[in-house]
Amino acid sequence: MKKHRDKSIVQITDAKIEEYARAMTTPESEDVKALVESSDAELEYIDMLSGNLVGQMLRMLIQVSGAKRILEIGTFTGYSAIVMAEALPDDGEIITMEMNIRYQELASKHFRQFDHQNKIKLLEGNARELVSGLSGDFDLIFIDADKLSYEDYFSQTLPLLKQGGLMVVDNVLWDGTVLDPEDHKAQALHEFNKIVSQDNRVEQLLLPVRDGVTIIRKK
Ligand SMILES: C[S@@+](CC[C@H](N)C(=O)[O-])C[C@H]1O[C@@H](n2cnc3c(N)ncnc32)[C@H](O)[C@@H]1O
C-alpha cells in the first residue's frame, strides 16, 4: 500500500511485531476485505483507512461494552463504520460524518453494497458544523478526522457521550512526531493529548498501537 505520510521520527511498533500481531488477530470479514480492495482500486492512497488492529479493537470495545449508538467523525471509504456495524446488534446505529464528496460517494456505495444502510447514517458535510446539530447519548465516539480539530471534537462531543461511554481517538502519535512536534498537526495532536491527560472528567489509555490510539472513558 502506498503511504500518504512519510515523516516518521520513530518506528512506533517494530514492523515484525506489528505483522505478527496482525497475523494473530481475528481477520477482517470478507465484506471488509472487499471494501479494502474496492478502495484501493478507486483511490491513489488508502493509508487513511484505520486497519485491522484498530478495527478489531473497535469491535471488541463495542461487544464488551454493549454499545448501541455510535458517532464516527471521519468516514473515508467506510472501513471503520462497516467494521463497527458488523459488531453492533440489529437495533444499533452509527452516525458517521464525511466532508469529501469522492469519499462520501465511495462510502455510500460500500454501505449499500454490504447492506449496512439501515445501521449506518452518513452525514455529508463538515463535522465541525454537523456535531452542533446532534443530541446525545452516544455509547461510543470514534474520532478519526482532521487532526487540527481534535481538541474541538473532544470538547464538542464529550457532552454527547453517556456517562461511562467510550471515546476512541486515532493517530494520536502521528508517526511519533508528537515527541518533537515541528508541524501544525503534530503540535495540535500533542496539545490534544496533554488536554485529555489533564481533564478530570475522563480517564484515558494511550496505546502505541499502529499510529497511536487513545481510549477515553467518561467518568
Ligand atoms: C483518517 S480518514 C478516516 C478513516 C476511517 N475512519 C477509516 O477507518 O476508514 C479521515 C477522514 O476524515 C475526513 N475529514 C477531514 N476533516 C473533516 C471534517 N472537518 N468534517 C468531515 N470529515 C472530515 C477526511 O476527508 C477523511 O476521509
# chains A, B, ... in the order shown; residues from 1 in each chain; ligands from 1

call {"tool": "closest_atom_pairs", "arguments": {"of": "chain A", "to": "ligand 1", "cutoff": "10 Å", "atoms": "only C-alpha atoms and all ligand atoms", "output": "tab-separated table"}}
result
residue	atom	partner	partner_atom_place_in_ligand_line	distance
A:Leu35	CA	ligand 1	9 (O)	9.8
A:Val36	CA	ligand 1	9 (O)	9.1
A:Ser39	CA	ligand 1	9 (O)	9.7
A:Ile46	CA	ligand 1	9 (O)	8.4
A:Asp47	CA	ligand 1	1 (C)	7.9
A:Met48	CA	ligand 1	1 (C)	4.1
A:Leu49	CA	ligand 1	9 (O)	3.5
A:Ser50	CA	ligand 1	8 (O)	3.7
A:Gly51	CA	ligand 1	8 (O)	6.6
A:Asn52	CA	ligand 1	8 (O)	9.2
A:Val54	CA	ligand 1	8 (O)	8.2
A:Gly55	CA	ligand 1	8 (O)	7.4
A:Glu72	CA	ligand 1	6 (N)	7.3
A:Ile73	CA	ligand 1	22 (N)	6.3
A:Gly74	CA	ligand 1	12 (O)	3.4
A:Thr75	CA	ligand 1	5 (C)	4.6
A:Phe76	CA	ligand 1	27 (O)	3.3
A:Thr77	CA	ligand 1	9 (O)	5.8
A:Gly78	CA	ligand 1	9 (O)	5.3
A:Tyr79	CA	ligand 1	9 (O)	4.0
A:Ser80	CA	ligand 1	8 (O)	4.1
A:Ala81	CA	ligand 1	6 (N)	7.0
A:Ile82	CA	ligand 1	9 (O)	8.9
A:Val83	CA	ligand 1	8 (O)	8.7
A:Met84	CA	ligand 1	8 (O)	9.9
A:Thr96	CA	ligand 1	21 (C)	8.8
A:Met97	CA	ligand 1	21 (C)	5.2
A:Glu98	CA	ligand 1	22 (N)	3.7
A:Met99	CA	ligand 1	21 (C)	4.1
A:Asn100	CA	ligand 1	25 (O)	4.7
A:Ile101	CA	ligand 1	25 (O)	8.3
A:Arg102	CA	ligand 1	25 (O)	8.8
A:Tyr103	CA	ligand 1	27 (O)	6.0
A:Gln104	CA	ligand 1	27 (O)	8.2
A:Ala107	CA	ligand 1	9 (O)	9.2
A:Leu123	CA	ligand 1	21 (C)	8.7
A:Glu124	CA	ligand 1	21 (C)	7.5
A:Gly125	CA	ligand 1	21 (C)	5.8
A:Asn126	CA	ligand 1	20 (N)	3.6
A:Ala127	CA	ligand 1	20 (N)	3.7
A:Arg128	CA	ligand 1	19 (N)	5.5
A:Glu129	CA	ligand 1	20 (N)	8.0
A:Leu130	CA	ligand 1	20 (N)	8.0
A:Val131	CA	ligand 1	20 (N)	9.4
A:Phe142	CA	ligand 1	6 (N)	7.8
A:Ile143	CA	ligand 1	6 (N)	7.7
A:Asp144	CA	ligand 1	3 (C)	5.2
A:Ala145	CA	ligand 1	12 (O)	3.6
A:Asp146	CA	ligand 1	16 (N)	4.1
A:Lys147	CA	ligand 1	16 (N)	7.8
A:Leu148	CA	ligand 1	16 (N)	8.9
A:Ser149	CA	ligand 1	19 (N)	7.4
A:Tyr150	CA	ligand 1	19 (N)	9.8
A:Tyr153	CA	ligand 1	19 (N)	9.5
A:Val169	CA	ligand 1	6 (N)	10.0
A:Asp170	CA	ligand 1	1 (C)	8.0
A:Asn171	CA	ligand 1	1 (C)	8.2

call {"tool": "select_by_dssp", "arguments": {"residues": "range 39-209 of chain A", "states": "strand (DSSP E or B)", "output": "PyMOL selection string"}}
result
chain A and resi 69-73+93-98+120-124+138-143+161-170+202-207

call {"tool": "closest_residue", "arguments": {"among": "A:Ser38, A:Pro208, A:Met167, A:Arg69", "to": "Leu106 in chain A", "atoms": "only C-alpha atoms"}}
result
A:Ser38

call {"tool": "closest_residue", "arguments": {"among": "A:Leu88, A:Val32, A:Ile70, A:Leu58", "to": "Phe111 in chain A", "atoms": "only C-alpha atoms"}}
result
A:Val32

call {"tool": "residues_around", "arguments": {"residues": "Ala34 in chain A", "least_positions_apart": "5", "cutoff": "10 Å", "atoms": "only C-alpha atoms", "output": "compact mmCIF listing (two decimals) with all heavy atoms, in the first residue's frame"}}
result
# COMPACT_ATOMS: atom_id res chain seq x y z
N GLU A 28 -10.22 -9.53 9.16
CA GLU A 28 -11.37 -8.78 8.66
C GLU A 28 -12.36 -9.75 8.01
O GLU A 28 -11.95 -10.79 7.49
CB GLU A 28 -10.90 -7.78 7.60
CG GLU A 28 -10.07 -6.65 8.16
CD GLU A 28 -9.07 -6.09 7.15
OE1 GLU A 28 -8.69 -6.83 6.22
OE2 GLU A 28 -8.68 -4.93 7.32
N SER A 29 -13.62 -9.37 8.00
CA SER A 29 -14.63 -10.19 7.31
C SER A 29 -14.38 -10.11 5.79
O SER A 29 -13.66 -9.23 5.31
CB SER A 29 -16.03 -9.64 7.62
OG SER A 29 -16.19 -8.38 7.00
N SER A 39 -11.57 0.12 -2.37
CA SER A 39 -11.00 1.44 -2.07
C SER A 39 -9.65 1.59 -2.77
O SER A 39 -9.33 2.64 -3.34
CB SER A 39 -10.82 1.62 -0.56
OG SER A 39 -12.02 1.36 0.12
N ASP A 40 -8.85 0.50 -2.73
CA ASP A 40 -7.52 0.52 -3.34
C ASP A 40 -7.62 0.71 -4.85
O ASP A 40 -6.80 1.40 -5.47
CB ASP A 40 -6.80 -0.80 -3.01
CG ASP A 40 -5.29 -0.66 -3.08
OD1 ASP A 40 -4.79 0.47 -3.03
OD2 ASP A 40 -4.62 -1.70 -3.22
N HIS A 110 -20.35 1.57 -0.59
CA HIS A 110 -19.99 0.41 0.25
C HIS A 110 -21.10 0.09 1.26
O HIS A 110 -21.38 -1.08 1.53
CB HIS A 110 -18.66 0.66 0.97
CG HIS A 110 -17.50 0.72 0.03
ND1 HIS A 110 -16.43 1.57 0.18
CD2 HIS A 110 -17.25 0.02 -1.12
CE1 HIS A 110 -15.56 1.39 -0.81
NE2 HIS A 110 -16.05 0.47 -1.62
N PHE A 114 -22.69 -3.62 1.00
CA PHE A 114 -22.56 -4.60 2.07
C PHE A 114 -23.75 -4.57 3.02
O PHE A 114 -23.69 -5.10 4.13
CB PHE A 114 -21.22 -4.39 2.80
CG PHE A 114 -20.04 -4.52 1.86
CD1 PHE A 114 -19.24 -3.44 1.58
CD2 PHE A 114 -19.80 -5.72 1.20
CE1 PHE A 114 -18.17 -3.54 0.69
CE2 PHE A 114 -18.74 -5.84 0.31
CZ PHE A 114 -17.93 -4.76 0.05

call {"tool": "decode", "arguments": {"residues": "range 148-195 of chain A", "atoms": "N, CA and C atoms", "output": "mmCIF file, in the first residue's frame"}}
result
data_model
loop_
_atom_site.group_PDB
_atom_site.id
_atom_site.type_symbol
_atom_site.label_atom_id
_atom_site.label_comp_id
_atom_site.auth_asym_id
_atom_site.auth_seq_id
_atom_site.Cartn_x
_atom_site.Cartn_y
_atom_site.Cartn_z
ATOM 1 N N LEU A 148 -6.151 18.829 13.205
ATOM 2 C CA LEU A 148 -6.132 20.155 13.832
ATOM 3 C C LEU A 148 -7.382 20.402 14.670
ATOM 4 N N SER A 149 -8.449 19.611 14.427
ATOM 5 C CA SER A 149 -9.724 19.849 15.129
ATOM 6 C C SER A 149 -9.973 18.875 16.276
ATOM 7 N N TYR A 150 -9.013 18.027 16.593
ATOM 8 C CA TYR A 150 -9.268 17.012 17.630
ATOM 9 C C TYR A 150 -9.717 17.631 18.965
ATOM 10 N N GLU A 151 -9.060 18.740 19.325
ATOM 11 C CA GLU A 151 -9.413 19.395 20.597
ATOM 12 C C GLU A 151 -10.880 19.841 20.568
ATOM 13 N N ASP A 152 -11.315 20.419 19.423
ATOM 14 C CA ASP A 152 -12.714 20.865 19.281
ATOM 15 C C ASP A 152 -13.658 19.671 19.319
ATOM 16 N N TYR A 153 -13.313 18.607 18.592
ATOM 17 C CA TYR A 153 -14.189 17.433 18.587
ATOM 18 C C TYR A 153 -14.336 16.876 20.000
ATOM 19 N N PHE A 154 -13.219 16.852 20.746
ATOM 20 C CA PHE A 154 -13.272 16.332 22.121
ATOM 21 C C PHE A 154 -14.216 17.191 22.967
ATOM 22 N N SER A 155 -14.052 18.508 22.913
ATOM 23 C CA SER A 155 -14.882 19.351 23.779
ATOM 24 C C SER A 155 -16.344 19.396 23.307
ATOM 25 N N GLN A 156 -16.563 19.315 21.979
ATOM 26 C CA GLN A 156 -17.937 19.348 21.466
ATOM 27 C C GLN A 156 -18.691 18.042 21.703
ATOM 28 N N THR A 157 -17.961 16.917 21.647
ATOM 29 C CA THR A 157 -18.687 15.639 21.696
ATOM 30 C C THR A 157 -18.693 14.990 23.079
ATOM 31 N N LEU A 158 -17.799 15.424 23.968
ATOM 32 C CA LEU A 158 -17.820 14.796 25.304
ATOM 33 C C LEU A 158 -19.194 14.935 25.974
ATOM 34 N N PRO A 159 -19.870 16.104 25.848
ATOM 35 C CA PRO A 159 -21.213 16.201 26.445
ATOM 36 C C PRO A 159 -22.230 15.257 25.801
ATOM 37 N N LEU A 160 -21.949 14.784 24.577
ATOM 38 C CA LEU A 160 -22.876 13.870 23.888
ATOM 39 C C LEU A 160 -22.649 12.408 24.269
ATOM 40 N N LEU A 161 -21.562 12.173 25.005
ATOM 41 C CA LEU A 161 -21.216 10.801 25.384
ATOM 42 C C LEU A 161 -21.888 10.481 26.715
ATOM 43 N N LYS A 162 -22.471 9.312 26.810
ATOM 44 C CA LYS A 162 -23.131 8.959 28.075
ATOM 45 C C LYS A 162 -22.069 8.736 29.168
ATOM 46 N N GLN A 163 -22.491 8.834 30.397
ATOM 47 C CA GLN A 163 -21.571 8.560 31.495
ATOM 48 C C GLN A 163 -21.094 7.100 31.382
ATOM 49 N N GLY A 164 -19.815 6.867 31.469
ATOM 50 C CA GLY A 164 -19.269 5.514 31.300
ATOM 51 C C GLY A 164 -19.022 5.165 29.833
ATOM 52 N N GLY A 165 -19.405 6.072 28.920
ATOM 53 C CA GLY A 165 -19.211 5.829 27.487
ATOM 54 C C GLY A 165 -17.742 5.984 27.093
ATOM 55 N N LEU A 166 -17.433 5.499 25.893
ATOM 56 C CA LEU A 166 -16.044 5.479 25.431
ATOM 57 C C LEU A 166 -15.833 6.365 24.217
ATOM 58 N N MET A 167 -14.694 7.035 24.201
ATOM 59 C CA MET A 167 -14.280 7.772 23.004
ATOM 60 C C MET A 167 -12.965 7.124 22.557
ATOM 61 N N VAL A 168 -12.867 6.833 21.272
ATOM 62 C CA VAL A 168 -11.644 6.242 20.739
ATOM 63 C C VAL A 168 -11.078 7.246 19.746
ATOM 64 N N VAL A 169 -9.810 7.565 19.891
ATOM 65 C CA VAL A 169 -9.218 8.618 19.059
ATOM 66 C C VAL A 169 -7.994 8.041 18.340
ATOM 67 N N ASP A 170 -8.003 8.137 17.006
ATOM 68 C CA ASP A 170 -6.937 7.505 16.219
ATOM 69 C C ASP A 170 -5.820 8.499 15.871
ATOM 70 N N ASN A 171 -4.671 7.971 15.596
ATOM 71 C CA ASN A 171 -3.485 8.714 15.118
ATOM 72 C C ASN A 171 -2.904 9.684 16.155
ATOM 73 N N VAL A 172 -3.042 9.370 17.436
ATOM 74 C CA VAL A 172 -2.594 10.334 18.455
ATOM 75 C C VAL A 172 -1.075 10.412 18.593
ATOM 76 N N LEU A 173 -0.338 9.484 17.960
ATOM 77 C CA LEU A 173 1.138 9.578 17.997
ATOM 78 C C LEU A 173 1.699 10.153 16.693
ATOM 79 N N TRP A 174 0.841 10.178 15.660
ATOM 80 C CA TRP A 174 1.189 10.818 14.373
ATOM 81 C C TRP A 174 2.607 10.471 13.929
ATOM 82 N N ASP A 175 2.811 9.189 13.711
ATOM 83 C CA ASP A 175 4.119 8.667 13.295
ATOM 84 C C ASP A 175 5.242 9.029 14.264
ATOM 85 N N GLY A 176 4.901 9.238 15.519
ATOM 86 C CA GLY A 176 5.928 9.555 16.516
ATOM 87 C C GLY A 176 6.310 11.027 16.558
ATOM 88 N N THR A 177 5.751 11.851 15.663
ATOM 89 C CA THR A 177 6.173 13.262 15.577
ATOM 90 C C THR A 177 5.684 14.096 16.763
ATOM 91 N N VAL A 178 4.731 13.553 17.568
ATOM 92 C CA VAL A 178 4.292 14.293 18.767
ATOM 93 C C VAL A 178 5.431 14.433 19.784
ATOM 94 N N LEU A 179 6.467 13.591 19.664
ATOM 95 C CA LEU A 179 7.599 13.671 20.599
ATOM 96 C C LEU A 179 8.387 14.964 20.388
ATOM 97 N N ASP A 180 8.406 15.420 19.144
ATOM 98 C CA ASP A 180 9.168 16.630 18.823
ATOM 99 C C ASP A 180 8.398 17.360 17.722
ATOM 100 N N PRO A 181 7.254 17.963 18.121
ATOM 101 C CA PRO A 181 6.322 18.466 17.093
ATOM 102 C C PRO A 181 6.908 19.634 16.308
ATOM 103 N N GLU A 182 6.990 19.444 15.003
ATOM 104 C CA GLU A 182 7.548 20.516 14.176
ATOM 105 C C GLU A 182 6.511 21.121 13.254
ATOM 106 N N ASP A 183 5.414 20.359 12.961
ATOM 107 C CA ASP A 183 4.393 20.954 12.097
ATOM 108 C C ASP A 183 3.092 21.146 12.880
ATOM 109 N N HIS A 184 2.109 21.794 12.240
ATOM 110 C CA HIS A 184 0.850 22.138 12.919
ATOM 111 C C HIS A 184 0.121 20.919 13.446
ATOM 112 N N LYS A 185 0.106 19.846 12.629
ATOM 113 C CA LYS A 185 -0.671 18.670 13.027
ATOM 114 C C LYS A 185 -0.046 17.980 14.236
ATOM 115 N N ALA A 186 1.276 17.815 14.202
ATOM 116 C CA ALA A 186 1.952 17.177 15.340
ATOM 117 C C ALA A 186 1.756 18.018 16.597
ATOM 118 N N GLN A 187 1.856 19.341 16.447
ATOM 119 C CA GLN A 187 1.669 20.248 17.590
ATOM 120 C C GLN A 187 0.242 20.132 18.135
ATOM 121 N N ALA A 188 -0.746 20.128 17.216
ATOM 122 C CA ALA A 188 -2.155 20.046 17.634
ATOM 123 C C ALA A 188 -2.434 18.724 18.345
ATOM 124 N N LEU A 189 -1.856 17.650 17.834
ATOM 125 C CA LEU A 189 -2.083 16.346 18.462
ATOM 126 C C LEU A 189 -1.405 16.272 19.831
ATOM 127 N N HIS A 190 -0.214 16.849 19.947
ATOM 128 C CA HIS A 190 0.470 16.873 21.249
ATOM 129 C C HIS A 190 -0.368 17.678 22.257
ATOM 130 N N GLU A 191 -0.901 18.833 21.805
ATOM 131 C CA GLU A 191 -1.759 19.655 22.693
ATOM 132 C C GLU A 191 -2.997 18.868 23.094
ATOM 133 N N PHE A 192 -3.609 18.199 22.116
ATOM 134 C CA PHE A 192 -4.800 17.387 22.390
ATOM 135 C C PHE A 192 -4.478 16.320 23.446
ATOM 136 N N ASN A 193 -3.370 15.607 23.267
ATOM 137 C CA ASN A 193 -3.003 14.547 24.223
ATOM 138 C C ASN A 193 -2.814 15.120 25.622
ATOM 139 N N LYS A 194 -2.206 16.316 25.702
ATOM 140 C CA LYS A 194 -1.993 16.941 27.025
ATOM 141 C C LYS A 194 -3.328 17.323 27.658
ATOM 142 N N ILE A 195 -4.230 17.908 26.835
ATOM 143 C CA ILE A 195 -5.532 18.349 27.344
ATOM 144 C C ILE A 195 -6.316 17.162 27.901
#
